[in-house]
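Peer 1: Take a look at start-v7.cif, mmCIF, C-alpha atoms and all ligand atoms:
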```cif
data_model
loop_
_atom_site.label_atom_id
_atom_site.label_comp_id
_atom_site.auth_asym_id
_atom_site.auth_seq_id
_atom_site.Cartn_x
_atom_site.Cartn_y
_atom_site.Cartn_z
CA MET A 1 -104.80 -42.72 150.82
CA SER A 2 -104.86 -45.23 147.96
CA GLU A 3 -105.70 -48.88 148.50
CA GLN A 4 -102.11 -49.74 147.57
CA ASN A 5 -100.73 -47.39 150.20
CA ARG A 6 -103.13 -48.63 152.85
CA PHE A 7 -102.03 -52.19 152.18
CA ASP A 8 -98.36 -51.28 152.20
CA ARG A 9 -98.73 -49.50 155.47
CA ASP A 10 -100.49 -52.41 157.18
CA CYS A 11 -97.85 -54.84 155.92
CA ASP A 12 -94.86 -52.77 156.90
CA PRO A 13 -92.80 -54.89 159.33
CA ASP A 14 -91.57 -51.69 160.97
CA LEU A 15 -95.12 -51.10 162.10
CA VAL A 16 -95.33 -54.31 164.11
CA GLY A 17 -96.79 -53.28 167.46
CA GLU A 18 -98.16 -50.05 166.02
CA SER A 19 -101.43 -50.96 164.42
CA PRO A 20 -103.55 -48.20 162.86
CA PHE A 21 -106.18 -46.27 164.88
CA THR A 22 -104.39 -46.68 168.24
CA ASP A 23 -104.20 -42.92 168.82
CA GLY A 24 -107.79 -42.89 170.06
CA THR A 25 -109.12 -40.44 167.47
CA ALA A 26 -111.36 -42.97 165.72
CA GLY A 27 -114.72 -43.90 167.26
CA PHE A 28 -115.19 -46.67 169.84
CA SER A 29 -116.52 -49.30 167.45
CA THR A 30 -113.96 -48.46 164.77
CA ARG A 31 -111.19 -49.09 167.28
CA ALA A 32 -112.95 -52.20 168.61
CA ILE A 33 -112.90 -53.60 165.07
CA ARG A 34 -109.65 -52.27 163.62
CA VAL A 35 -106.99 -51.75 166.31
CA GLY A 36 -104.34 -54.38 166.82
CA HIS A 37 -104.22 -56.09 163.47
CA VAL A 38 -101.05 -55.52 161.49
CA ARG A 39 -101.40 -57.56 158.30
CA THR A 40 -98.70 -60.04 157.45
CA ALA A 41 -97.30 -60.24 153.93
CA GLU A 42 -100.07 -62.78 153.15
CA GLY A 43 -102.59 -59.95 153.16
CA GLU A 44 -105.11 -61.77 155.37
CA HIS A 45 -108.29 -59.82 156.17
CA CYS A 46 -109.04 -61.45 159.54
CA GLU A 47 -106.52 -61.45 162.36
CA PRO A 48 -104.33 -64.59 162.23
CA ILE A 49 -103.88 -66.90 165.21
CA PHE A 50 -100.16 -67.15 165.91
CA ALA A 51 -100.18 -70.72 167.24
CA THR A 52 -96.51 -70.86 168.09
CA SER A 53 -94.74 -71.30 171.39
CA SER A 54 -91.52 -69.57 170.28
CA PHE A 55 -90.16 -67.28 167.58
CA VAL A 56 -87.13 -67.74 165.32
CA PHE A 57 -84.21 -65.32 165.02
CA SER A 58 -82.23 -64.65 161.85
CA SER A 59 -78.88 -65.00 163.65
CA ALA A 60 -77.29 -65.67 167.00
CA ALA A 61 -76.57 -61.96 167.29
CA GLU A 62 -80.25 -61.14 166.78
CA ALA A 63 -81.26 -63.71 169.40
CA ALA A 64 -78.80 -62.19 171.87
CA ALA A 65 -80.05 -58.66 171.17
CA ARG A 66 -83.69 -59.73 171.58
CA PHE A 67 -82.97 -61.50 174.89
CA ALA A 68 -80.98 -58.50 176.13
CA GLY A 69 -83.93 -56.27 175.37
CA GLU A 70 -81.83 -54.23 172.93
CA THR A 71 -84.19 -54.86 170.02
CA PRO A 72 -87.96 -55.29 170.21
CA GLY A 73 -89.74 -58.42 169.04
CA ASN A 74 -91.15 -61.73 170.12
CA ILE A 75 -89.14 -64.44 171.87
CA TYR A 76 -91.56 -66.87 173.47
CA SER A 77 -95.36 -66.87 173.81
CA ARG A 78 -95.33 -66.80 177.59
CA PHE A 79 -93.83 -63.31 177.15
CA THR A 80 -95.54 -61.93 174.06
CA ASN A 81 -97.53 -63.26 171.12
CA PRO A 82 -98.84 -61.21 168.18
CA THR A 83 -102.46 -62.40 168.51
CA VAL A 84 -102.43 -61.71 172.24
CA ARG A 85 -100.80 -58.34 171.60
CA ALA A 86 -103.56 -57.44 169.14
CA PHE A 87 -106.14 -58.08 171.86
CA GLU A 88 -104.10 -56.08 174.40
CA GLN A 89 -103.81 -53.11 172.08
CA ARG A 90 -107.48 -53.20 171.23
CA LEU A 91 -108.62 -53.35 174.86
CA ALA A 92 -106.10 -50.68 175.93
CA THR A 93 -107.47 -48.19 173.45
CA LEU A 94 -111.09 -48.98 174.39
CA GLU A 95 -110.38 -48.43 178.10
CA GLY A 96 -108.21 -45.37 177.38
CA GLY A 97 -105.07 -46.91 178.93
CA GLU A 98 -101.43 -46.78 177.83
CA ALA A 99 -100.86 -50.50 178.37
CA CYS A 100 -102.78 -53.74 178.71
CA VAL A 101 -101.59 -57.14 179.85
CA ALA A 102 -103.74 -60.13 178.92
CA THR A 103 -103.93 -63.05 181.33
CA ALA A 104 -105.23 -66.61 181.44
CA SER A 105 -108.26 -65.63 183.54
CA GLY A 106 -109.79 -62.71 185.40
CA MET A 107 -108.40 -64.09 188.66
CA ALA A 108 -104.91 -64.24 187.12
CA ALA A 109 -105.30 -60.55 186.24
CA ILE A 110 -106.08 -59.68 189.87
CA LEU A 111 -103.24 -61.85 191.18
CA ALA A 112 -100.70 -60.40 188.73
CA THR A 113 -101.79 -56.87 189.64
CA CYS A 114 -101.33 -57.52 193.36
CA LEU A 115 -98.00 -59.33 192.94
CA GLY A 116 -96.72 -56.68 190.54
CA LEU A 117 -97.67 -53.64 192.60
CA LEU A 118 -97.77 -54.73 196.27
CA LYS A 119 -95.32 -56.19 198.75
CA THR A 120 -95.42 -57.78 202.20
CA GLY A 121 -96.83 -55.34 204.75
CA ASP A 122 -99.01 -53.47 202.25
CA HIS A 123 -102.74 -53.17 202.84
CA ILE A 124 -105.76 -53.24 200.49
CA VAL A 125 -109.15 -51.63 201.06
CA SER A 126 -111.79 -53.41 199.00
CA SER A 127 -115.51 -53.18 198.51
CA ARG A 128 -117.22 -55.98 200.43
CA SER A 129 -119.48 -57.26 197.67
CA ILE A 130 -116.75 -58.48 195.32
CA PHE A 131 -116.49 -61.75 193.42
CA GLY A 132 -116.06 -64.69 195.84
CA SER A 133 -112.73 -65.92 194.45
CA THR A 134 -111.32 -62.39 194.75
CA THR A 135 -112.20 -62.40 198.44
CA MET A 136 -110.56 -65.81 198.77
CA LEU A 137 -107.44 -64.59 196.99
CA PHE A 138 -107.18 -61.58 199.30
CA ASP A 139 -108.03 -63.34 202.57
CA LYS A 140 -106.32 -66.69 202.12
CA TYR A 141 -103.43 -66.31 199.71
CA LEU A 142 -102.35 -62.66 199.84
CA ALA A 143 -102.80 -62.64 203.63
CA ARG A 144 -100.36 -65.58 203.76
CA VAL A 145 -97.63 -63.35 202.30
CA GLY A 146 -98.48 -60.47 204.62
CA ILE A 147 -100.77 -58.40 202.39
CA HIS A 148 -103.99 -57.81 204.33
CA THR A 149 -107.37 -56.53 203.19
CA SER A 150 -110.15 -54.56 204.90
CA TYR A 151 -113.65 -54.53 203.46
CA VAL A 152 -116.10 -51.64 203.25
CA PRO A 153 -119.63 -51.22 201.88
CA LEU A 154 -119.14 -50.27 198.21
CA PRO A 155 -121.22 -47.05 198.04
CA ASP A 156 -119.99 -45.56 201.36
CA LEU A 157 -117.14 -43.10 200.61
CA ASP A 158 -116.73 -42.29 204.32
CA ALA A 159 -116.16 -45.96 205.07
CA TRP A 160 -113.49 -46.11 202.34
CA ALA A 161 -111.75 -43.06 203.85
CA GLY A 162 -111.98 -44.50 207.37
CA ALA A 163 -110.46 -47.83 206.38
CA ILE A 164 -107.31 -46.39 204.76
CA ARG A 165 -104.18 -46.89 206.91
CA PRO A 166 -100.65 -45.55 206.47
CA GLU A 167 -99.69 -48.85 204.80
CA THR A 168 -102.69 -48.95 202.43
CA ARG A 169 -101.52 -49.06 198.81
CA LEU A 170 -104.54 -50.21 196.84
CA LEU A 171 -108.27 -49.48 196.80
CA PHE A 172 -110.15 -52.22 194.94
CA ALA A 173 -113.74 -51.67 193.78
CA GLU A 174 -116.08 -53.83 191.78
CA THR A 175 -118.73 -51.43 190.52
CA PRO A 176 -121.54 -52.15 189.85
CA SER A 177 -121.64 -54.94 192.40
CA ASN A 178 -122.91 -58.46 192.01
CA PRO A 179 -125.84 -59.15 192.29
CA LEU A 180 -127.50 -55.97 193.62
CA ALA A 181 -125.79 -53.54 191.19
CA GLU A 182 -124.77 -51.12 193.91
CA MET A 183 -122.24 -48.50 192.79
CA VAL A 184 -119.60 -46.18 194.12
CA PRO A 185 -118.89 -42.84 192.41
CA ILE A 186 -115.51 -43.56 190.81
CA ARG A 187 -114.23 -39.98 190.49
CA PRO A 188 -114.35 -39.08 194.21
CA LEU A 189 -113.04 -42.53 195.13
CA ALA A 190 -110.04 -41.96 192.82
CA GLU A 191 -109.45 -38.53 194.38
CA LEU A 192 -109.55 -40.10 197.84
CA ALA A 193 -107.09 -42.80 196.76
CA HIS A 194 -104.63 -40.28 195.35
CA ASP A 195 -104.94 -37.87 198.30
CA ARG A 196 -103.93 -40.75 200.57
CA GLY A 197 -101.15 -42.11 198.37
CA CYS A 198 -103.04 -45.15 197.07
CA LEU A 199 -103.93 -46.58 193.67
CA LEU A 200 -107.50 -47.29 192.63
CA ALA A 201 -108.27 -50.51 190.72
CA VAL A 202 -111.76 -51.03 189.29
CA ASP A 203 -113.07 -54.42 188.23
CA ASN A 204 -114.99 -53.33 185.12
CA CYS A 205 -116.21 -56.71 184.04
CA PHE A 206 -119.94 -55.98 184.45
CA CYS A 207 -119.91 -52.78 182.37
CA THR A 208 -116.94 -53.17 180.01
CA PRO A 209 -115.52 -50.04 178.38
CA ALA A 210 -118.61 -49.89 176.16
CA LEU A 211 -120.56 -48.56 179.17
CA GLN A 212 -117.98 -47.34 181.70
CA ARG A 213 -114.34 -46.24 181.40
CA PRO A 214 -112.90 -46.00 184.92
CA LEU A 215 -109.48 -44.69 183.77
CA THR A 216 -111.15 -41.58 182.32
CA LEU A 217 -112.77 -41.04 185.76
CA GLY A 218 -109.41 -41.14 187.56
CA ALA A 219 -108.91 -44.84 188.35
CA ASP A 220 -105.36 -46.13 187.87
CA LEU A 221 -106.09 -49.72 186.89
CA VAL A 222 -108.92 -51.58 185.23
CA ILE A 223 -109.33 -55.31 185.73
CA HIS A 224 -111.30 -57.60 183.44
CA SER A 225 -112.58 -61.10 183.47
CA ALA A 226 -112.64 -61.28 179.67
CA THR A 227 -114.56 -64.51 180.20
CA LYS A 228 -117.69 -62.40 180.54
CA TYR A 229 -118.85 -59.72 178.11
CA LEU A 230 -115.54 -59.22 176.27
CA ASP A 231 -115.98 -62.69 174.82
CA GLY A 232 -119.74 -62.41 175.09
CA GLN A 233 -120.57 -65.94 174.02
CA GLY A 234 -119.38 -68.08 176.91
CA ARG A 235 -116.56 -69.72 174.95
CA CYS A 236 -113.38 -69.31 176.94
CA VAL A 237 -111.70 -67.98 180.07
CA GLY A 238 -109.35 -64.98 180.08
CA GLY A 239 -108.53 -61.71 181.77
CA ALA A 240 -106.73 -58.42 181.42
CA VAL A 241 -105.27 -55.47 183.33
CA VAL A 242 -105.23 -52.00 181.77
CA GLY A 243 -103.41 -48.91 183.03
CA ASP A 244 -100.22 -46.90 182.58
CA ALA A 245 -97.07 -48.02 180.83
CA LYS A 246 -94.94 -48.35 183.98
CA ARG A 247 -97.31 -50.14 186.37
CA VAL A 248 -99.06 -52.34 183.83
CA GLY A 249 -96.63 -52.44 180.90
CA GLU A 250 -93.64 -53.22 183.16
CA ASP A 251 -94.63 -54.26 186.70
CA VAL A 252 -97.74 -56.37 186.02
CA PHE A 253 -96.33 -57.62 182.71
CA GLY A 254 -93.18 -58.71 184.55
CA VAL A 255 -95.24 -61.03 186.78
CA VAL A 256 -97.15 -62.49 183.85
CA ARG A 257 -94.10 -63.14 181.69
CA THR A 258 -92.20 -64.66 184.63
CA ALA A 259 -94.89 -66.62 186.45
CA GLY A 260 -96.76 -67.52 183.26
CA PRO A 261 -100.52 -66.93 183.65
CA SER A 262 -100.44 -65.72 180.05
CA MET A 263 -103.38 -65.70 177.64
CA SER A 264 -103.46 -68.36 174.93
CA PRO A 265 -103.44 -67.00 171.35
CA PHE A 266 -106.53 -69.07 170.56
CA ASN A 267 -108.45 -67.37 173.36
CA ALA A 268 -107.05 -63.97 172.38
CA TRP A 269 -108.48 -64.50 168.90
CA LEU A 270 -111.94 -65.22 170.34
CA PHE A 271 -111.71 -62.12 172.54
CA LEU A 272 -110.67 -60.03 169.50
CA LYS A 273 -113.81 -61.22 167.73
CA GLY A 274 -115.86 -60.50 170.86
CA LEU A 275 -114.61 -56.92 171.10
CA GLU A 276 -115.75 -56.20 167.55
CA THR A 277 -119.41 -56.38 168.56
CA LEU A 278 -119.01 -55.22 172.17
CA LYS A 279 -120.79 -51.89 171.90
CA LEU A 280 -123.78 -53.29 170.05
CA ARG A 281 -124.07 -56.22 172.43
CA MET A 282 -123.81 -54.13 175.60
CA GLN A 283 -126.55 -51.82 174.36
CA ALA A 284 -128.74 -54.80 173.47
CA HIS A 285 -128.07 -56.46 176.88
CA SER A 286 -129.04 -53.18 178.57
CA ASP A 287 -132.21 -52.78 176.51
CA ASN A 288 -133.34 -56.34 177.28
CA ALA A 289 -132.46 -56.02 180.98
CA LEU A 290 -134.36 -52.73 181.33
CA ALA A 291 -137.45 -54.22 179.69
CA LEU A 292 -137.22 -57.30 181.93
CA ALA A 293 -136.70 -55.20 185.08
CA ARG A 294 -139.80 -53.14 184.29
CA TRP A 295 -141.85 -56.28 183.70
CA LEU A 296 -140.58 -57.94 186.89
CA GLY A 297 -141.15 -54.74 188.86
CA SER A 298 -144.86 -54.90 188.11
CA HIS A 299 -145.26 -58.67 188.63
CA ARG A 300 -147.40 -59.55 191.64
CA ALA A 301 -145.05 -62.39 192.75
CA VAL A 302 -141.96 -60.13 192.80
CA ALA A 303 -141.09 -58.45 196.09
CA GLY A 304 -138.53 -56.05 194.62
CA GLU A 305 -136.07 -55.78 191.78
CA HIS A 306 -132.54 -54.33 191.52
CA TYR A 307 -131.56 -52.86 188.18
CA PRO A 308 -129.52 -49.64 187.98
CA GLY A 309 -131.07 -48.61 184.68
CA ARG A 310 -134.40 -48.05 186.45
CA GLU A 311 -135.24 -44.85 188.29
CA THR A 312 -136.18 -47.01 191.30
CA HIS A 313 -132.55 -48.08 191.89
CA PRO A 314 -130.77 -46.05 194.62
CA HIS A 315 -127.73 -45.43 192.38
CA HIS A 316 -129.61 -44.66 189.18
CA HIS A 317 -128.16 -41.11 189.18
CA LEU A 318 -124.79 -42.67 188.23
CA VAL A 319 -126.31 -44.16 185.07
CA GLY A 320 -127.16 -42.46 181.76
CA THR A 321 -126.18 -38.98 180.64
CA GLY A 322 -126.85 -36.83 183.74
CA PRO A 323 -124.19 -34.72 185.50
CA HIS A 324 -123.15 -37.58 187.82
CA ALA A 325 -123.39 -40.40 185.28
CA GLN A 326 -120.41 -42.75 185.08
CA GLN A 327 -121.94 -45.63 183.16
CA SER A 328 -123.97 -44.96 180.05
CA SER A 329 -126.67 -47.60 180.60
CA GLY A 330 -127.66 -50.21 183.15
CA GLY A 331 -125.89 -53.25 181.68
CA GLY A 332 -127.15 -56.81 181.53
CA ILE A 333 -127.33 -57.95 185.15
CA LEU A 334 -130.40 -57.69 187.33
CA ALA A 335 -131.64 -59.30 190.52
CA PHE A 336 -135.11 -59.68 191.94
CA ALA A 337 -136.65 -61.15 195.06
CA VAL A 338 -139.63 -63.42 195.30
CA ARG A 339 -141.71 -63.93 198.42
CA GLY A 340 -141.33 -67.38 199.94
CA GLY A 341 -137.55 -67.53 200.35
CA ARG A 342 -135.32 -70.25 198.93
CA GLN A 343 -138.13 -72.65 198.09
CA ALA A 344 -139.94 -70.08 195.96
CA ALA A 345 -136.72 -68.91 194.27
CA TRP A 346 -135.72 -72.48 193.39
CA GLN A 347 -139.24 -73.12 192.08
CA VAL A 348 -138.92 -70.19 189.65
CA ILE A 349 -135.44 -71.31 188.56
CA ASP A 350 -136.47 -74.95 188.10
CA ALA A 351 -139.53 -73.96 186.05
CA THR A 352 -137.39 -72.34 183.35
CA ARG A 353 -136.84 -74.26 180.13
CA MET A 354 -134.69 -71.82 178.17
CA LEU A 355 -132.66 -69.80 180.68
CA SER A 356 -129.42 -71.60 181.56
CA ILE A 357 -129.01 -72.43 185.25
CA THR A 358 -125.38 -71.41 185.57
CA ALA A 359 -123.39 -68.81 187.45
CA ASN A 360 -121.59 -67.43 184.39
CA LEU A 361 -122.66 -64.12 182.95
CA GLY A 362 -122.04 -61.89 179.96
CA ASP A 363 -123.27 -64.44 177.45
CA THR A 364 -125.72 -64.02 174.59
CA LYS A 365 -127.65 -66.79 176.40
CA SER A 366 -129.54 -65.59 179.48
CA THR A 367 -128.43 -67.24 182.70
CA ILE A 368 -130.23 -67.58 186.02
CA THR A 369 -128.78 -68.27 189.45
CA HIS A 370 -129.69 -68.30 193.15
CA PRO A 371 -126.90 -66.24 194.75
CA ALA A 372 -127.56 -67.34 198.36
CA SER A 373 -126.86 -71.00 197.56
CA THR A 374 -124.25 -70.59 194.78
CA THR A 375 -122.09 -67.49 194.21
CA HIS A 376 -122.58 -66.23 197.78
CA GLY A 377 -123.15 -69.63 199.40
CA ARG A 378 -119.88 -69.58 201.34
CA LEU A 379 -120.85 -66.44 203.25
CA SER A 380 -122.39 -66.90 206.69
CA PRO A 381 -126.15 -66.27 206.80
CA GLU A 382 -125.45 -63.08 208.77
CA ALA A 383 -122.93 -61.83 206.20
CA ARG A 384 -125.37 -62.62 203.41
CA GLU A 385 -128.12 -60.77 205.22
CA ALA A 386 -125.80 -57.76 205.71
CA ALA A 387 -124.98 -57.83 202.01
CA GLY A 388 -128.69 -57.85 201.11
CA ILE A 389 -128.52 -61.34 199.56
CA GLY A 390 -131.80 -62.80 200.77
CA GLU A 391 -132.95 -66.39 200.29
CA GLY A 392 -135.61 -65.26 197.82
CA LEU A 393 -133.15 -63.37 195.58
CA ILE A 394 -132.60 -64.50 191.98
CA ARG A 395 -129.97 -63.08 189.62
CA ILE A 396 -130.39 -62.99 185.89
CA ALA A 397 -127.64 -62.15 183.42
CA VAL A 398 -129.97 -61.04 180.68
CA GLY A 399 -128.89 -62.35 177.29
CA LEU A 400 -129.85 -61.40 173.78
CA GLU A 401 -132.78 -63.76 173.17
CA ASP A 402 -136.10 -62.09 172.36
CA ILE A 403 -137.43 -60.40 175.47
CA ALA A 404 -140.87 -62.02 175.06
CA ASP A 405 -139.26 -65.47 175.30
CA ILE A 406 -137.23 -64.55 178.39
CA GLN A 407 -140.36 -63.23 180.08
CA ALA A 408 -142.39 -66.30 179.10
CA ASP A 409 -139.70 -68.57 180.59
CA LEU A 410 -139.87 -66.71 183.91
CA ALA A 411 -143.64 -66.26 183.88
CA ARG A 412 -144.11 -70.03 184.17
CA GLY A 413 -142.49 -70.26 187.62
CA LEU A 414 -143.61 -66.85 188.85
CA GLY A 415 -147.20 -67.76 187.97
CA GLN A 416 -147.01 -70.74 190.34
CA LEU A 417 -146.20 -68.49 193.31
CA SER A 418 -148.87 -66.85 195.36
CA GLY A 419 -148.41 -63.10 195.00
C1 LIG B 501 -116.61 -59.41 188.73
C2 LIG B 501 -115.69 -60.56 188.47
N1 LIG B 501 -114.37 -60.38 188.56
C3 LIG B 501 -113.50 -61.38 188.34
C4 LIG B 501 -113.95 -62.64 188.02
C5 LIG B 501 -112.93 -63.75 187.80
O1 LIG B 501 -112.82 -64.01 186.44
P1 LIG B 501 -112.38 -65.44 185.85
O2 LIG B 501 -113.47 -66.41 186.16
O3 LIG B 501 -112.22 -65.14 184.39
O4 LIG B 501 -111.11 -65.81 186.50
C6 LIG B 501 -115.31 -62.88 187.89
C7 LIG B 501 -115.79 -64.23 187.50
O5 LIG B 501 -116.96 -64.54 187.55
C8 LIG B 501 -116.22 -61.81 188.13
O6 LIG B 501 -117.54 -61.99 188.05
#
```
Show me this structure written as structure tokens.

Peer 2:
Amino acid sequence: MSEQNRFDRDCDPDLVGESPFTDGTAGFSTRAIRVGHVRTAEGEHCEPIFATSSFVFSSAAEAAARFAGETPGNIYSRFTNPTVRAFEQRLATLEGGEACVATASGMAAILATCLGLLKTGDHIVSSRSIFGSTTMLFDKYLARVGIHTSYVPLPDLDAWAGAIRPETRLLFAETPSNPLAEMVPIRPLAELAHDRGCLLAVDNCFCTPALQRPLTLGADLVIHSATKYLDGQGRCVGGAVVGDAKRVGEDVFGVVRTAGPSMSPFNAWLFLKGLETLKLRMQAHSDNALALARWLGSHRAVAGEHYPGRETHPHHHLVGTGPHAQQSSGGGILAFAVRGGRQAAWQVIDATRMLSITANLGDTKSTITHPASTTHGRLSPEAREAAGIGEGLIRIAVGLEDIADIQADLARGLGQLSG
């Protein structure tokens, strides 16, 4: 194809909404870089930010046809926006889904999914070790409208099966879990869901499609907090739901366009840029985290470390290229315990000079947090104990700084502890 033809094709207004490479035949990184951008007549090389609240029609008849849904096209940015659509198309192809709906946050993605697909009287079975706000959404707000949730230990397929009731409609799994990186085998969980007439949603924010693609393993829906690795540089908040054209493209989209937790085009542009380097970053996060886990595992002050990329992790068989593997590498999150409980853990955290003391994750900057007093602080001590979140546990979202500098920052505090 000549350069002239390539340019003509990308500028063709008839192709709006049909960017090149969406058919999934190109490689992952090619799609992460190229899908979604349909050049305007200006011939811009980088995706434009469509900073506009509404769109103009050429006539009253065109406006009427657009509103009636008789002709495709943009109306108002709460409904659709070209920059947001570019991000949706790009993420959909990376996850292997027919449709993607972008949202203002990861929590908005979970809310829109539940409002779009569930009704009063329906029941959810969820893994216990999910993000705290997700638990709050299920237990406080969805329960208020008569949608109730039961919790099960993530890896225990028998517990999932036992918790399903006649009115269960949705199984919700966050795998790997935070902060212990426990996992559930997605394929059998999807089979269980379908045998019992339920949908399976997987929160894939820790792995991203660069490491794990739940839809290809049988899940029906993938949820993202794009705030994490999809952006990758801690710049903005966003979310997404990926799945089939009916459930996501119509039912979940209907909630977002009506209720309005839509993604801003500015944020969509940042997420588009984030996706371009996703594969490289996820591999680099995994490499750094594996090196750090090995180093921590042999440190005299460390009482145990949890990283799924290491053979020592109970669910390591689900990582890599083996017959049961569902995620290609361990990802960037690890946890480790120090002897001496909260006081010792806080001492290690407070001795750092480079690592950021913050609960966010998925950033090029490494972050460190004490789950028992922050992300999991609202759980009762008994519930924390049951979840394996001890007072001496520290979570690190391993960033992309040089591994020697990350180790040196931790060595300072660890060296102060008696081993
Ligand atoms: C696994 C997981 N899911 C969902 C969310 C919610 O995402 P957001 O903060 O973008 O609303 C988070 C946020 O930390 C998370 O860690």

Peer 1: Could you list, as a PDB file with C-alpha atoms, in the frame of the given file, all protein and nucleic acid residues with an atom at most 8 Å from ligand LIG 501 (chain B), counting only C-alpha atoms and all ligand atoms?

Peer 2:
```pdb
ATOM      1  CA  ALA A 104    -105.230 -66.610 181.440  1.00  0.00           C
ATOM      2  CA  SER A 105    -108.260 -65.630 183.540  1.00  0.00           C
ATOM      3  CA  GLY A 106    -109.790 -62.710 185.400  1.00  0.00           C
ATOM      4  CA  MET A 107    -108.400 -64.090 188.660  1.00  0.00           C
ATOM      5  CA  ALA A 108    -104.910 -64.240 187.120  1.00  0.00           C
ATOM      6  CA  ALA A 109    -105.300 -60.550 186.240  1.00  0.00           C
ATOM      7  CA  ILE A 110    -106.080 -59.680 189.870  1.00  0.00           C
ATOM      8  CA  ILE A 130    -116.750 -58.480 195.320  1.00  0.00           C
ATOM      9  CA  PHE A 131    -116.490 -61.750 193.420  1.00  0.00           C
ATOM     10  CA  SER A 133    -112.730 -65.920 194.450  1.00  0.00           C
ATOM     11  CA  THR A 134    -111.320 -62.390 194.750  1.00  0.00           C
ATOM     12  CA  GLU A 174    -116.080 -53.830 191.780  1.00  0.00           C
ATOM     13  CA  SER A 177    -121.640 -54.940 192.400  1.00  0.00           C
ATOM     14  CA  ASN A 178    -122.910 -58.460 192.010  1.00  0.00           C
ATOM     15  CA  ASP A 203    -113.070 -54.420 188.230  1.00  0.00           C
ATOM     16  CA  ASN A 204    -114.990 -53.330 185.120  1.00  0.00           C
ATOM     17  CA  CYS A 205    -116.210 -56.710 184.040  1.00  0.00           C
ATOM     18  CA  PHE A 206    -119.940 -55.980 184.450  1.00  0.00           C
ATOM     19  CA  ILE A 223    -109.330 -55.310 185.730  1.00  0.00           C
ATOM     20  CA  HIS A 224    -111.300 -57.600 183.440  1.00  0.00           C
ATOM     21  CA  SER A 225    -112.580 -61.100 183.470  1.00  0.00           C
ATOM     22  CA  ALA A 226    -112.640 -61.280 179.670  1.00  0.00           C
ATOM     23  CA  THR A 227    -114.560 -64.510 180.200  1.00  0.00           C
ATOM     24  CA  LYS A 228    -117.690 -62.400 180.540  1.00  0.00           C
ATOM     25  CA  VAL A 237    -111.700 -67.980 180.070  1.00  0.00           C
ATOM     26  CA  GLY A 238    -109.350 -64.980 180.080  1.00  0.00           C
ATOM     27  CA  GLY A 239    -108.530 -61.710 181.770  1.00  0.00           C
ATOM     28  CA  ALA A 359    -123.390 -68.810 187.450  1.00  0.00           C
ATOM     29  CA  ASN A 360    -121.590 -67.430 184.390  1.00  0.00           C
ATOM     30  CA  LEU A 361    -122.660 -64.120 182.950  1.00  0.00           C
TER      31      LEU A 361
END
```

Peer 1: Nearest to Pro314 in chain A among A:Val152, A:Ala32, A:Leu180, A:Val302, with distances taken over all atoms listed in the file: which residue is it?

Peer 2: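 Looking only at the distances to Pro314 in chain A, the closest residue turns out to be A:Leu180.
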
Peer 1: Just checking: using all atoms listed in the file, which residue out of A:Thr321, A:Gln326, A:Ser53, A:Thr208 ends up closest to Ala92 in chain A?

Peer 2: A:Thr208

Peer 1: Take CA of Val398 in chain A and CA of Ser264 in chain A and report the distance between them in Å, one decimal.

Peer 2: 28.1 Å

Peer 1: Using all atoms listed in the file, pick whichever of A:Arg353, A:Arg339, A:His123, A:Arg196 has the shortest atom-to-atom distance to Ala408 in chain A.

Peer 2: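 Smallest separation from Ala408 in chain A among the options: A:Arg353.
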
Peer 1: Given the block above, output range 98-104 of chain A with N, CA, C and O atoms as a PDB file, in the first residue's frame.

Peer 2:
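Ended up saving to selection-v9.pdb:
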```pdb
ATOM      1  N   GLU A  98     -15.318  -7.557  22.385  1.00  0.00           N
ATOM      2  CA  GLU A  98     -16.030  -6.886  21.283  1.00  0.00           C
ATOM      3  C   GLU A  98     -16.235  -5.407  21.585  1.00  0.00           C
ATOM      4  O   GLU A  98     -16.281  -4.587  20.681  1.00  0.00           O
ATOM      5  N   ALA A  99     -16.427  -5.091  22.866  1.00  0.00           N
ATOM      6  CA  ALA A  99     -16.779  -3.719  23.231  1.00  0.00           C
ATOM      7  C   ALA A  99     -16.076  -3.313  24.510  1.00  0.00           C
ATOM      8  O   ALA A  99     -15.751  -4.163  25.356  1.00  0.00           O
ATOM      9  N   CYS A 100     -15.840  -2.015  24.633  1.00  0.00           N
ATOM     10  CA  CYS A 100     -15.256  -1.458  25.854  1.00  0.00           C
ATOM     11  C   CYS A 100     -15.982  -0.165  26.154  1.00  0.00           C
ATOM     12  O   CYS A 100     -16.295   0.603  25.239  1.00  0.00           O
ATOM     13  N   VAL A 101     -16.276   0.055  27.414  1.00  0.00           N
ATOM     14  CA  VAL A 101     -16.842   1.333  27.845  1.00  0.00           C
ATOM     15  C   VAL A 101     -15.883   1.946  28.853  1.00  0.00           C
ATOM     16  O   VAL A 101     -15.554   1.315  29.871  1.00  0.00           O
ATOM     17  N   ALA A 102     -15.413   3.152  28.564  1.00  0.00           N
ATOM     18  CA  ALA A 102     -14.507   3.847  29.479  1.00  0.00           C
ATOM     19  C   ALA A 102     -15.314   4.608  30.517  1.00  0.00           C
ATOM     20  O   ALA A 102     -16.408   5.110  30.215  1.00  0.00           O
ATOM     21  N   THR A 103     -14.775   4.698  31.710  1.00  0.00           N
ATOM     22  CA  THR A 103     -15.499   5.363  32.806  1.00  0.00           C
ATOM     23  C   THR A 103     -14.567   6.320  33.555  1.00  0.00           C
ATOM     24  O   THR A 103     -13.343   6.289  33.367  1.00  0.00           O
ATOM     25  N   ALA A 104     -15.173   7.109  34.434  1.00  0.00           N
ATOM     26  CA  ALA A 104     -14.412   8.145  35.138  1.00  0.00           C
ATOM     27  C   ALA A 104     -13.442   7.571  36.168  1.00  0.00           C
ATOM     28  O   ALA A 104     -12.495   8.250  36.576  1.00  0.00           O
TER      29      ALA A 104
END
```
